[in-house]
Each structure stands twice: as C-alpha cells, then as structure tokens.
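File shown: protein.csv. Contents: CSV, C-alpha atoms.
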chain,number,residue,atom,x,y,z
A,1,MET,CA,36.0,19.9,-7.6
A,2,LYS,CA,38.9,19.5,-5.0
A,3,TRP,CA,41.5,20.3,-7.6
A,4,MET,CA,39.7,23.3,-8.8
A,5,ILE,CA,39.5,24.8,-5.3
A,6,TRP,CA,43.2,24.1,-4.7
A,7,GLY,CA,43.9,25.7,-8.0
A,8,LEU,CA,42.0,28.8,-6.9
A,9,VAL,CA,43.9,29.0,-3.6
A,10,LEU,CA,47.2,28.6,-5.4
A,11,MET,CA,46.3,31.3,-7.9
A,12,SER,CA,45.2,33.7,-5.2
A,13,LEU,CA,48.5,33.2,-3.4
A,14,VAL,CA,50.5,33.9,-6.5
A,15,MET,CA,48.5,37.0,-7.2
A,16,ALA,CA,49.1,38.1,-3.6
A,17,VAL,CA,52.9,37.9,-4.0
A,18,GLY,CA,52.6,39.6,-7.4
A,19,ASN,CA,50.7,42.5,-6.0
A,20,GLY,CA,53.6,43.6,-3.8
A,21,LEU,CA,52.8,41.9,-0.5
A,22,SER,CA,56.5,40.7,-0.6
A,23,GLY,CA,58.0,44.2,-0.4
A,24,ASP,CA,57.2,47.9,-0.8
A,25,VAL,CA,59.6,50.3,-2.4
A,26,LYS,CA,59.7,52.6,0.6
A,27,ASP,CA,60.3,49.6,2.9
A,28,ASN,CA,63.2,48.6,0.8
A,29,MET,CA,64.7,52.0,1.2
A,30,LEU,CA,64.2,51.8,5.0
A,31,GLN,CA,65.8,48.4,5.2
A,32,ALA,CA,68.8,49.6,3.2
A,33,ARG,CA,69.1,52.6,5.6
A,34,HIS,CA,68.9,50.3,8.5
A,35,SER,CA,71.7,48.1,7.0
A,36,GLN,CA,73.9,51.2,6.8
A,37,MET,CA,73.2,51.9,10.4
A,38,GLU,CA,74.1,48.4,11.3
A,39,CYS,CA,77.5,48.8,9.6
A,40,ARG,CA,78.0,51.9,11.8
A,41,ALA,CA,77.0,50.2,15.0
A,42,ASN,CA,79.1,47.1,14.3
A,43,PHE,CA,82.1,49.3,13.6
A,44,MET,CA,81.6,51.1,16.9
A,45,TYR,CA,81.2,47.9,18.9
A,46,GLN,CA,84.6,46.8,17.4
A,47,VAL,CA,86.2,50.2,18.2
A,48,MET,CA,85.0,49.9,21.8
A,49,GLU,CA,86.3,46.3,22.0
A,50,ASN,CA,89.7,47.5,20.7
A,51,ALA,CA,89.7,50.3,23.4
A,52,GLU,CA,88.9,47.8,26.1
A,53,GLY,CA,91.8,45.6,24.9
A,54,PHE,CA,94.2,48.4,25.4
A,55,ASP,CA,92.8,50.0,28.5
A,56,SER,CA,92.0,47.5,31.3
A,57,ASP,CA,90.2,50.3,33.2
A,58,ALA,CA,87.9,51.2,30.3
A,59,ASP,CA,84.2,51.3,31.2
A,60,LEU,CA,82.2,51.6,28.1
A,61,VAL,CA,79.2,49.6,29.3
A,62,GLN,CA,76.8,52.6,29.3
A,63,GLU,CA,77.9,53.7,25.8
A,64,ARG,CA,77.5,50.1,24.5
A,65,THR,CA,74.1,49.7,26.1
A,66,GLN,CA,72.8,53.0,24.8
A,67,LEU,CA,73.9,52.2,21.3
A,68,GLN,CA,72.4,48.7,21.4
A,69,GLU,CA,69.1,50.2,22.6
A,70,GLN,CA,69.1,52.7,19.8
A,71,MET,CA,69.8,49.9,17.3
A,72,ARG,CA,66.9,47.9,18.8
A,73,LEU,CA,64.5,50.8,18.1
A,74,MET,CA,65.9,51.3,14.6
A,75,GLN,CA,65.4,47.6,13.9
A,76,GLN,CA,61.9,47.8,15.2
A,77,TYR,CA,60.9,50.8,13.1
A,78,ALA,CA,62.6,49.4,10.0
A,79,ASN,CA,60.6,46.1,10.4
A,80,GLU,CA,57.4,48.0,10.9
A,81,GLY,CA,58.1,50.2,7.9
A,82,ASP,CA,57.7,53.3,10.2
A,83,TYR,CA,59.6,55.8,8.2
A,84,SER,CA,58.7,58.7,10.4
A,85,SER,CA,59.8,57.2,13.7
A,86,PHE,CA,63.0,55.8,12.0
A,87,ASN,CA,63.9,59.4,10.9
A,88,GLN,CA,63.1,60.8,14.3
A,89,GLU,CA,65.2,58.2,16.1
A,90,MET,CA,68.2,58.8,13.8
A,91,GLU,CA,69.3,61.9,15.8
A,92,GLN,CA,69.3,59.9,19.1
A,93,THR,CA,71.2,57.1,17.4
A,94,ARG,CA,73.8,59.6,16.0
A,95,ASN,CA,74.2,60.9,19.6
A,96,ALA,CA,74.7,57.4,21.0
A,97,TYR,CA,77.3,56.7,18.2
A,98,THR,CA,79.2,59.9,18.9
A,99,THR,CA,79.2,59.3,22.6
A,100,ALA,CA,80.5,55.8,22.2
A,101,MET,CA,83.2,57.1,19.9
A,102,GLN,CA,84.3,59.7,22.4
A,103,GLY,CA,84.3,57.1,25.1
A,104,ALA,CA,86.5,54.8,23.0
A,105,ARG,CA,88.8,57.7,22.1
A,106,ASN,CA,89.2,58.6,25.8
A,107,SER,CA,90.0,54.9,26.7
A,108,HIS,CA,92.7,54.8,23.9
A,109,LYS,CA,94.2,58.0,25.2
A,110,ASN,CA,94.2,56.7,28.8
A,111,ALA,CA,96.0,53.6,27.7
A,112,LEU,CA,98.6,55.7,25.9
A,113,ASN,CA,99.0,58.0,28.9
A,114,LYS,CA,99.5,55.1,31.2
A,115,SER,CA,102.1,53.6,29.0
A,116,GLN,CA,103.8,57.0,28.7
A,117,GLY,CA,103.6,57.5,32.4
A,118,GLU,CA,105.3,54.2,33.1
A,119,GLY,CA,108.3,55.7,31.2
A,120,SER,CA,109.0,58.5,33.7
A,121,GLY,CA,112.2,58.2,35.8
A,122,PRO,CA,114.7,55.5,35.0
A,123,GLY,CA,113.9,53.8,31.7
A,124,ALA,CA,111.8,56.7,30.5
A,125,GLY,CA,112.9,56.0,26.9
A,126,GLU,CA,111.4,52.5,27.0
A,127,GLY,CA,108.1,54.0,28.1
A,128,SER,CA,108.1,56.3,25.1
A,129,GLU,CA,108.9,53.5,22.8
A,130,GLU,CA,106.2,51.3,24.3
A,131,SER,CA,103.7,54.2,23.9
A,132,SER,CA,104.8,54.7,20.3
A,133,GLN,CA,104.4,51.0,19.6
A,134,MET,CA,101.0,50.9,21.3
A,135,ARG,CA,99.8,53.9,19.3
A,136,ASN,CA,100.8,52.2,16.1
A,137,GLN,CA,99.0,49.1,17.1
A,138,MET,CA,95.9,51.1,18.0
A,139,LEU,CA,95.9,52.8,14.6
A,140,GLN,CA,96.4,49.5,12.8
A,141,GLU,CA,93.5,47.9,14.6
A,142,HIS,CA,91.4,50.9,13.9
A,143,GLN,CA,92.3,50.8,10.3
A,144,GLU,CA,91.2,47.1,10.1
A,145,ALA,CA,87.9,48.1,11.7
A,146,GLN,CA,87.5,50.9,9.2
A,147,GLY,CA,88.3,48.5,6.4
A,148,GLU,CA,85.5,46.2,7.4
A,149,TYR,CA,83.2,49.1,7.9
A,150,SER,CA,84.0,50.4,4.4
A,151,SER,CA,83.2,47.0,2.9
A,152,CYS,CA,79.9,46.8,4.9
A,153,MET,CA,78.9,50.3,3.9
A,154,GLY,CA,79.7,49.7,0.3
A,155,ASN,CA,77.2,46.8,0.1
A,156,ALA,CA,74.6,48.7,2.2
A,157,THR,CA,75.0,51.9,0.2
A,158,ARG,CA,74.7,50.1,-3.1
A,159,SER,CA,71.4,48.5,-1.9
A,160,ARG,CA,70.2,51.8,-0.7
A,161,VAL,CA,70.8,53.5,-4.1
A,162,HIS,CA,69.0,50.7,-6.0
A,163,ALA,CA,66.1,51.1,-3.6
A,164,GLU,CA,66.1,54.9,-4.1
A,165,VAL,CA,66.2,54.5,-7.9
A,166,GLU,CA,63.2,52.2,-7.6
A,167,SER,CA,61.4,54.9,-5.7
A,168,PHE,CA,62.4,57.5,-8.2
A,169,GLN,CA,61.2,55.3,-11.1
A,170,GLU,CA,57.8,55.2,-9.4
A,171,TRP,CA,57.7,59.0,-9.2
A,172,HIS,CA,58.9,59.2,-12.7
A,173,GLY,CA,56.2,56.9,-14.0
A,174,LYS,CA,53.5,58.9,-12.2
A,175,GLY,CA,55.1,62.1,-13.6
A,176,GLN,CA,54.8,60.6,-17.1
A,177,ASN,CA,51.1,59.8,-16.5
A,178,VAL,CA,50.6,63.4,-15.4
A,179,ALA,CA,52.3,64.7,-18.6
A,180,ASN,CA,50.2,62.3,-20.8
A,181,GLN,CA,47.0,63.4,-19.1
A,182,MET,CA,47.9,67.0,-19.6
A,183,LYS,CA,48.7,66.4,-23.3
A,184,GLU,CA,45.2,64.8,-23.7
A,185,ARG,CA,43.8,68.0,-22.3
A,186,GLY,CA,45.5,70.0,-24.9
A,187,TYR,CA,48.6,71.3,-23.1
A,188,ASP,CA,52.0,71.4,-24.8
A,189,THR,CA,53.9,68.9,-22.6
A,190,SER,CA,57.2,68.9,-24.6
A,191,GLY,CA,58.9,70.8,-21.7
A,192,LEU,CA,57.6,68.3,-19.1
A,193,GLU,CA,58.7,65.3,-21.2
A,194,GLY,CA,62.2,66.8,-21.7
A,195,ILE,CA,62.6,67.2,-18.0
A,196,LEU,CA,61.4,63.6,-17.3
A,197,ALA,CA,63.8,62.3,-20.0
A,198,ASP,CA,66.8,64.1,-18.5
A,199,ALA,CA,65.8,63.0,-15.0
A,200,GLU,CA,65.7,59.4,-16.2
A,201,VAL,CA,69.2,59.6,-17.6
A,202,VAL,CA,70.5,60.9,-14.3
A,203,SER,CA,69.1,58.0,-12.4
A,204,GLU,CA,70.4,55.5,-15.0
A,205,ASP,CA,73.9,57.0,-14.8
A,206,LEU,CA,73.7,56.9,-11.0
A,207,GLU,CA,73.1,53.1,-11.0
A,208,GLU,CA,76.0,52.5,-13.3
A,209,ASP,CA,78.3,54.8,-11.3
A,210,VAL,CA,77.4,53.2,-8.0
A,211,ASP,CA,78.0,49.7,-9.3
A,212,SER,CA,81.4,50.7,-10.7
A,213,ALA,CA,82.5,52.8,-7.7
A,214,GLY,CA,85.6,51.7,-5.9
A,215,ASN,CA,84.5,52.3,-2.3
A,216,TYR,CA,81.6,53.5,-0.4
A,217,GLU,CA,82.9,57.1,-0.1
A,218,GLU,CA,82.9,57.3,-3.9
A,219,MET,CA,79.4,55.8,-4.0
A,220,ASN,CA,78.1,58.4,-1.5
A,221,GLU,CA,79.6,61.2,-3.5
A,222,VAL,CA,78.0,60.1,-6.8
A,223,ARG,CA,74.7,59.4,-4.9
A,224,ASN,CA,74.6,62.8,-3.4
A,225,LYS,CA,75.4,64.6,-6.6
A,226,ALA,CA,72.8,62.7,-8.6
A,227,TRP,CA,69.9,63.1,-6.1
A,228,LYS,CA,70.7,66.8,-5.7
A,229,LYS,CA,70.4,67.1,-9.4
A,230,GLU,CA,67.1,65.2,-9.3
A,231,PHE,CA,65.7,67.4,-6.6
A,232,TYR,CA,66.4,70.4,-8.9
A,233,MET,CA,64.7,68.7,-11.9
A,234,TRP,CA,61.8,67.7,-9.6
A,235,THR,CA,61.4,71.4,-9.0
A,236,GLU,CA,61.7,72.2,-12.7
A,237,PHE,CA,58.9,69.7,-13.5
A,238,HIS,CA,56.5,71.3,-11.1
A,239,VAL,CA,57.3,74.8,-12.1
A,240,GLU,CA,56.8,73.9,-15.8
A,241,ARG,CA,53.5,72.2,-15.0
A,242,PHE,CA,52.2,75.3,-13.1
A,243,ASN,CA,53.3,77.6,-15.9
A,244,LEU,CA,51.3,75.5,-18.4
A,245,LEU,CA,48.3,75.9,-16.1
A,246,LEU,CA,48.9,79.6,-15.9
A,247,ASP,CA,49.1,79.8,-19.7
A,248,ARG,CA,45.6,78.2,-19.8
A,249,MET,CA,44.3,80.6,-17.2
A,250,ASP,CA,45.7,83.6,-19.1
A,251,GLU,CA,44.3,82.4,-22.4
A,252,GLU,CA,40.8,81.5,-21.0
A,253,SER,CA,40.5,84.8,-19.2
A,254,GLY,CA,41.4,86.8,-22.3
A,255,GLY,CA,44.4,88.5,-20.8
A,256,GLU,CA,42.3,90.2,-18.1
A,257,TYR,CA,44.4,88.8,-15.3
A,258,SER,CA,47.8,88.9,-17.0
A,259,SER,CA,49.3,91.1,-14.3
A,260,GLN,CA,48.3,88.8,-11.5
A,261,ILE,CA,49.4,85.7,-13.5
A,262,GLY,CA,52.7,87.4,-14.0
A,263,GLU,CA,53.1,87.8,-10.2
A,264,VAL,CA,52.6,84.1,-9.8
A,265,ARG,CA,55.1,83.3,-12.5
A,266,ALA,CA,57.6,85.5,-10.8
A,267,HIS,CA,57.1,83.8,-7.5
A,268,LEU,CA,57.4,80.4,-9.2
A,269,ALA,CA,60.7,81.4,-10.8
A,270,THR,CA,62.3,81.9,-7.4
A,271,ALA,CA,61.9,78.2,-6.8
A,272,LEU,CA,64.6,77.6,-9.5
A,273,LYS,CA,67.1,80.1,-8.0
A,274,LEU,CA,67.8,78.5,-4.7
A,275,ASN,CA,71.2,77.2,-5.8
A,276,GLU,CA,73.1,78.4,-8.8
A,277,ASN,CA,74.6,75.0,-9.4
A,278,LYS,CA,71.1,73.6,-10.1
A,279,ARG,CA,71.5,71.0,-7.4
A,280,TYR,CA,69.3,71.1,-4.4
A,281,ASP,CA,70.0,69.5,-1.0
A,282,THR,CA,67.1,68.5,1.3
A,283,SER,CA,66.6,71.9,2.8
A,284,GLU,CA,66.6,73.6,-0.6
A,285,ALA,CA,64.1,71.1,-1.9
A,286,ALA,CA,61.9,71.8,1.1
A,287,GLU,CA,62.1,75.5,0.4
A,288,ALA,CA,61.3,74.9,-3.3
A,289,LYS,CA,58.2,72.9,-2.2
A,290,GLN,CA,57.1,75.7,0.0
A,291,ILE,CA,57.3,78.2,-2.9
A,292,LEU,CA,55.4,75.7,-5.1
A,293,ASN,CA,52.6,75.4,-2.5
A,294,GLU,CA,52.4,79.2,-2.2
A,295,ALA,CA,52.1,79.5,-5.9
A,296,ALA,CA,49.4,76.9,-5.9
A,297,GLN,CA,47.5,78.9,-3.3
A,298,GLN,CA,47.9,82.0,-5.4
A,299,MET,CA,46.5,80.2,-8.4
A,300,ARG,CA,43.5,79.0,-6.3
A,301,ASN,CA,42.8,82.5,-5.2
A,302,LEU,CA,43.1,83.8,-8.7
A,303,LEU,CA,40.7,81.1,-10.0
A,304,GLN,CA,38.3,82.2,-7.3
A,305,GLU,CA,38.6,85.8,-8.5
A,306,MET,CA,38.0,84.7,-12.1
A,307,SER,CA,34.8,82.8,-11.1
B,1,MET,CA,32.8,18.5,1.2
B,2,LYS,CA,33.2,20.7,4.3
B,3,LYS,CA,37.0,20.8,3.7
B,4,GLU,CA,36.4,21.9,0.1
B,5,LEU,CA,34.1,24.6,1.2
B,6,ALA,CA,36.6,25.8,3.8
B,7,LEU,CA,39.3,26.0,1.0
B,8,LEU,CA,36.9,27.9,-1.2
B,9,GLY,CA,36.2,30.3,1.6
B,10,LEU,CA,40.0,30.8,2.0
B,11,ALA,CA,40.4,31.5,-1.7
B,12,ILE,CA,37.6,34.1,-1.7
B,13,LEU,CA,39.1,35.7,1.4
B,14,VAL,CA,42.5,36.1,-0.2
B,15,PHE,CA,41.0,37.5,-3.4
B,16,PHE,CA,39.1,40.0,-1.2
B,17,LEU,CA,42.2,41.0,0.6
B,18,ILE,CA,44.1,41.5,-2.7
B,19,GLY,CA,41.3,43.7,-3.9
B,20,CYS,CA,41.5,45.9,-0.7
B,21,THR,CA,45.3,46.3,-0.9
B,22,SER,CA,45.8,46.7,-4.7
B,23,VAL,CA,44.8,50.3,-4.7
B,24,ASP,CA,46.6,52.4,-7.2
B,25,GLU,CA,48.2,54.9,-4.9
B,26,GLU,CA,48.6,58.6,-5.6
B,27,ILE,CA,52.1,60.1,-6.1
B,28,SER,CA,53.9,59.1,-2.9
B,29,SER,CA,54.2,60.8,0.5
B,30,THR,CA,52.7,64.1,1.5
B,31,GLN,CA,50.5,65.9,-0.9
B,32,GLY,CA,51.4,69.6,-1.0
B,33,THR,CA,48.0,71.1,-1.2
B,34,VAL,CA,47.6,74.1,1.1
B,35,SER,CA,43.9,73.7,1.2
B,36,SER,CA,41.7,71.2,-0.5
B,37,GLY,CA,38.1,71.6,-1.2
B,38,GLU,CA,35.8,72.5,-4.0
B,39,MET,CA,37.5,74.2,-6.9
B,40,PRO,CA,36.1,77.5,-8.1
B,41,THR,CA,33.8,77.4,-11.1
B,42,ALA,CA,36.4,79.1,-13.3
B,43,ALA,CA,38.8,76.2,-12.6
B,44,THR,CA,36.1,73.7,-13.6
B,45,GLU,CA,35.4,75.6,-16.8
B,46,MET,CA,39.1,75.6,-17.6
B,47,GLY,CA,39.5,72.0,-16.7
B,48,ILE,CA,41.9,72.7,-13.8
B,49,THR,CA,41.6,70.3,-10.9
B,50,GLU,CA,42.8,70.2,-7.3
B,51,GLU,CA,45.2,67.5,-8.3
B,52,ASP,CA,46.7,69.8,-10.9
B,53,LEU,CA,47.7,72.1,-8.0
B,54,SER,CA,49.2,69.4,-5.8
B,55,VAL,CA,52.9,68.9,-5.5
B,56,SER,CA,54.2,65.3,-5.2
B,57,ASP,CA,57.3,64.5,-3.1
B,58,LEU,CA,60.5,62.9,-4.2
B,59,ASP,CA,61.2,60.4,-1.4
B,60,ILE,CA,64.9,60.6,-1.2
B,61,ASP,CA,66.7,61.3,2.1
B,62,LEU,CA,70.1,63.0,2.0
B,63,THR,CA,70.5,63.6,5.8
B,64,ASP,CA,72.4,60.5,7.0
B,65,ASP,CA,75.6,62.4,8.0
B,66,GLY,CA,77.5,62.9,11.2
B,67,PHE,CA,79.0,59.5,11.7
B,68,SER,CA,82.7,60.1,11.8
B,69,THR,CA,85.0,57.0,11.9
B,70,GLU,CA,88.2,58.9,12.9
B,71,LEU,CA,89.8,57.9,16.2
B,72,THR,CA,92.2,61.0,16.5
B,73,ILE,CA,94.6,59.8,19.2

Would you encode the structure as structure tokens?
Amino acid sequence: MKWMIWGLVLMSLVMAVGNGLSGDVKDNMLQARHSQMECRANFMYQVMENAEGFDSDADLVQERTQLQEQMRLMQQYANEGDYSSFNQEMEQTRNAYTTAMQGARNSHKNALNKSQGEGSGPGAGEGSEESSQMRNQMLQEHQEAQGEYSSCMGNATRSRVHAEVESFQEWHGKGQNVANQMKERGYDTSGLEGILADAEVVSEDLEEDVDSAGNYEEMNEVRNKAWKKEFYMWTEFHVERFNLLLDRMDEESGGEYSSQIGEVRAHLATALKLNENKRYDTSEAAEAKQILNEAAQQMRNLLQEMS
Amino acid sequence: MKKELALLGLAILVFFLIGCTSVDEEISSTQGTVSSGEMPTAATEMGITEEDLSVSDLDIDLTDDGFSTELTI
C-alpha cells in the first residue's frame, strides 16, 4: 500500500513537470530579453568604471544607482513573467542607460581636457602627447568592454531567437489546426497550408542562420529580417482565411451581397500593401491587425444583414 | 496509516492542480475581436463562428533598440 502511494506521488510529480510547470514559452522569451538587458547594463557599469578610472572627479553615482534600480525592476518583472510591465519599463531603462552613457562620455572628455590643459604654457607638447595617449587608452578599454558586450549579447540573442522560434512554432501549430478544421468544414485550405509551409521554412532558416552567425550584430540582422517576413506571412494567413469565409458567404447568399463582400475584400487587400518589400515591422503588423479587425467587424455586420 | 493517507491526499491534490493548469490555451495573447457575442443566424447557418473572425497575435517583439555602445570622445 505504501509503495503504491509513493508511486502515485512520484507519477504526479513527473506529470507536473511534463505539463510545463518547469517553463512557459513566453517566460523563456522574457528571460532571454532580460539576459540581453543584463549584457547592456554590465557593459555600462564597465564603461562608468573606466570613466572613473580616468577622471578622479567623476561622479556617476546617480547614473549607476538609477540603472541598478531599473535592472532590479526588469529582473522582478522577468521573474514574475510580467510581459506587460517589462515592456513598459523598457523605456525607462533605455533612458537610464542613455543617461549613464552620457555621464561616462562627459567624464572621459573631462579627463582629456584636464590632460590637455596641463599642457598649456611650457611643455605644452607633452600635454598634447599625454592627452593623445590617454585617448588611445580610453578607446582601447572601451573596445575591450565592447568585445565582452558583443560576446554576452551573442549568447543572449541566440537564446532569444530560439525562444521566439518556440513561440512561433506554437502559433504555427495552432494555425495548422485552424486550417485542418476549415478543411473538414469544406473549405479549400491549400492557400493557408502553403503560407504555413513557407512560414515554417523561414523560421527553420532563421535558427540555422543565427547559430552560424559570426557576431551578435549579424544575428540581430537575420533575426529582424526573418521576423519581419513572418509578420507579413501572418497577415497573409489571416487575409486568406477571411477570403475563404467571404467565399462561403457569397456562395450561401446566392450572390445577393457580392458588392458588399467585394468591399470587404478590397479593405482586406490593403493589409497586404503596407510595405512593398513584404516585410512588416511591429508598427506595420499592428496596422495590419487593425485592418483585419475592421474587416471582421464588416463581416459580422454583413452576416447580421443576411440574417 | 495516517502517513499513507496524507501521502494519498498529496497525490490527489497534485493531480487536481495539474487538471486545473493543463488547459489547452487558445492562440496566444490578445484576441482581435472587435465585439464578441452571439453570432447572427446567417453565420450559424453558414457554419461561421466568432472564433473564425478572431485574429491571433504573433508574439514577437522587434522594439529593443536605442542602446548605443559608442563612446564618441
């Protein structure tokens, strides 16, 4: 009896882990974004430390404290899986980062000015040389910091892309279910399936390209290109879906509402013309979604009229 | 015996919690319906549902820009 109960407890724990209590796709993306932010913050702490090394009068306490506070909040939201608050706080964090960079830049310049100023009057040439040497040293230390940053961002960006692909695959799977269900209801879903197949290829290529990219700038470039393409294909998928529904409405109403249906189709078509490169950034995708929602409302109104 | 019953209770509780959380979620994030409610009879007759008219989101964020690393001195 005892062994049976222990077996039940063990089995239930295994099921708990298997059912995703160990990680959610969206949480993984949030953690990866937070890791990128940590790379940026650590880079900035190093830059400020470098500045303080050159300029003994540098006072970057406020800048450092502000950035640390923002990172504390970002960590909290990432741990809580609070996507919305994380996004909202990103702007403040960007401001804190920019302010810290400006402060560090000013301190570097102060140090250079002081070393240049020491060169006025007798021995001015030595001051210029000292300033030049100091500047070279500043740039070298900064490049070292940038190198560490690039390496950190490379790992974090790779993680982020893999998490994003996981999220995309979830959407893709559900899109496939939608297509299958529509097929069972008698719709010709060849168009939908073609779009889904193409979209899958883009995400597969993205994973390969990111893994073989030389540095994080390259990763970011392939990432942006791929997701902009996916945003366009996401729009295509929904436009195709709605056109299938409009076909059904036209057929079932015996052509009586063809003119109104034509208007909805025309409005839907504008969702595919927001960028001639067929790659949508976030704002274009949002605009496309707005058009899709408007078309959906037009269809509801038309269905009401047909009733 | 009491210990065994406590373990059994724990196992039942965990099974119950799994049942509550293992909900097959809809397509992620915000649903794009302008208004939801009862579909018109024509829609029902044509087999068109409210879900058909909803727009799923693609949860990818491309806005993490604005973090320059240039010192410019």

Between CA of Trp227 in chain A and CA of Ala271 in chain A, what is the distance in Å, rounded to a tenth?
17.1 Å

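All residues of protein, DNA or RNA that reach within 12 Å of Met46 in chain B, judged by all atoms listed in the file and not counting those fewer than 6 positions away in the chain, are Arg185, Gly186, Tyr187, Leu245, Leu246, Asp247, Arg248, Met249, Asp250, Glu251, Glu252, Ser253, Leu303, Met306 and Ser307 of chain A; Met39, Pro40 and Asp52 of chain B.
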
Go through A:Asn180, A:Ser167, A:Gln46, A:Gln133 and flag the residue nearest chain B, using all atoms listed in the file for the distances.
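Answer, going by the shortest atom-to-atom distance: A:Ser167.
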
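For the set A:Ala199, A:Val25, A:Leu268, A:Met48, the residue with the smallest atom-to-atom gap to Lys228 in chain A is A:Ala199, counting only C-alpha atoms.
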
What's the separation between CA of Thr93 in chain A and CA of Asp55 in chain A, in Å to one decimal place?
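Distance between the two atoms: 25.3 Å.
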
Looking at A:Thr157, A:Ile261, A:Trp234, A:Gly254, which one is nearest to Asp57 in chain B, with distances taken over all atoms listed in the file?
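When distances to Asp57 in chain B are compared using all atoms listed in the file, the smallest one comes from A:Trp234.
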